[in-house]
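Asker: Just dropping this structure here.
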Amino acid sequence: MYRRMHKRKSLYTLPFLLAVMSGASLANTVIDNPPAKVTWQDPSSYRDVKTATGSQSRYEQSVFAQLSKQFGDEAKRYLPEGHQLNITVTNLDLAGMVRYRPELSQEIRVLDSVTPPSISFSYEVKQGETVIKSGEEQLRDLNYQTSVVGLAREKSLAYEKAMITSWAKKSL
């Protein structure tokens, strides 16, 4: 009798745990990298932040941290002292697409001309409580495979970081 009840309890516990764990990825993630603060809004709805290997949640955290750092570095470069950049990312599509490669017996991210990187976000540049500049952006680099050359291609998220750098140079 004890075994049956124990099994029933675990059957109900597993769906509950899965629901709680999947709900955690639905929450917004905010990364403060002064002078930039980046909010990753509803990441579960993003077009493509899929990992080819390893933990999906760790991969997302890594991607968000690296791109938030890029926004912060660009804000340091282009904004005057005392200004704050607030970014709210609403969509992200990494360069390439994760595909299963039978010859390797694993999934890998394949880069081709029909899978360009894109990122959509709104931004505000503030000085204290005063909004100096704001807008919405939808960045996409259709020629991404020619925009990053040499050893820089081997760096993590090189194409996405290049888009952010280009935007910051023009807009900030």
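Every chain in the structure tokens has a letter given in the order shown (A, B, ...), and although residue numbers restart at 1 in each chain, ligands are simply numbered from 1 in the order shown.
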Taking only segment 25-172 of chain A into account, list the residues labelled strand (DSSP E or B) by DSSP (computed from the backbone), as JSON, numbers by chain.

Answerer: {"A": [29, 30, 31, 32, 33, 36, 37, 38, 39, 40, 48, 83, 84, 85, 86, 87, 88, 89, 90, 91, 92, 93, 97, 98, 99, 100, 101, 106, 107, 108, 109, 110, 118, 119, 120, 121, 122, 123, 124, 125, 126, 127, 130, 131, 132, 133, 134, 135, 136, 137, 138, 139, 140]}

Asker: Let me make sure I understand: among A:Ala75, A:Ile108, A:Val98, A:Val131, which one has the smallest atom-to-atom distance to Trp167 of chain A if we use only C-alpha atoms?

Answerer: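 Using only C-alpha atoms, the shortest distance to Trp167 of chain A belongs to A:Ala75.
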
Asker: Using only C-alpha atoms, which residue out of A:Thr53, A:Asn28, A:Gln145, A:Ser68 lies closest to Ser113 of chain A?

Answerer: A:Gln145

Asker: Show which residues sit within 12 Å of Lys161 of chain A, as a ChimeraX atom specification. Count only C-alpha atoms, and ignore same-chain residues fewer than 6 positions away.

Answerer: /A:63-74,94-95,117-119,139-141,144,147-148,152-153,155,167-168
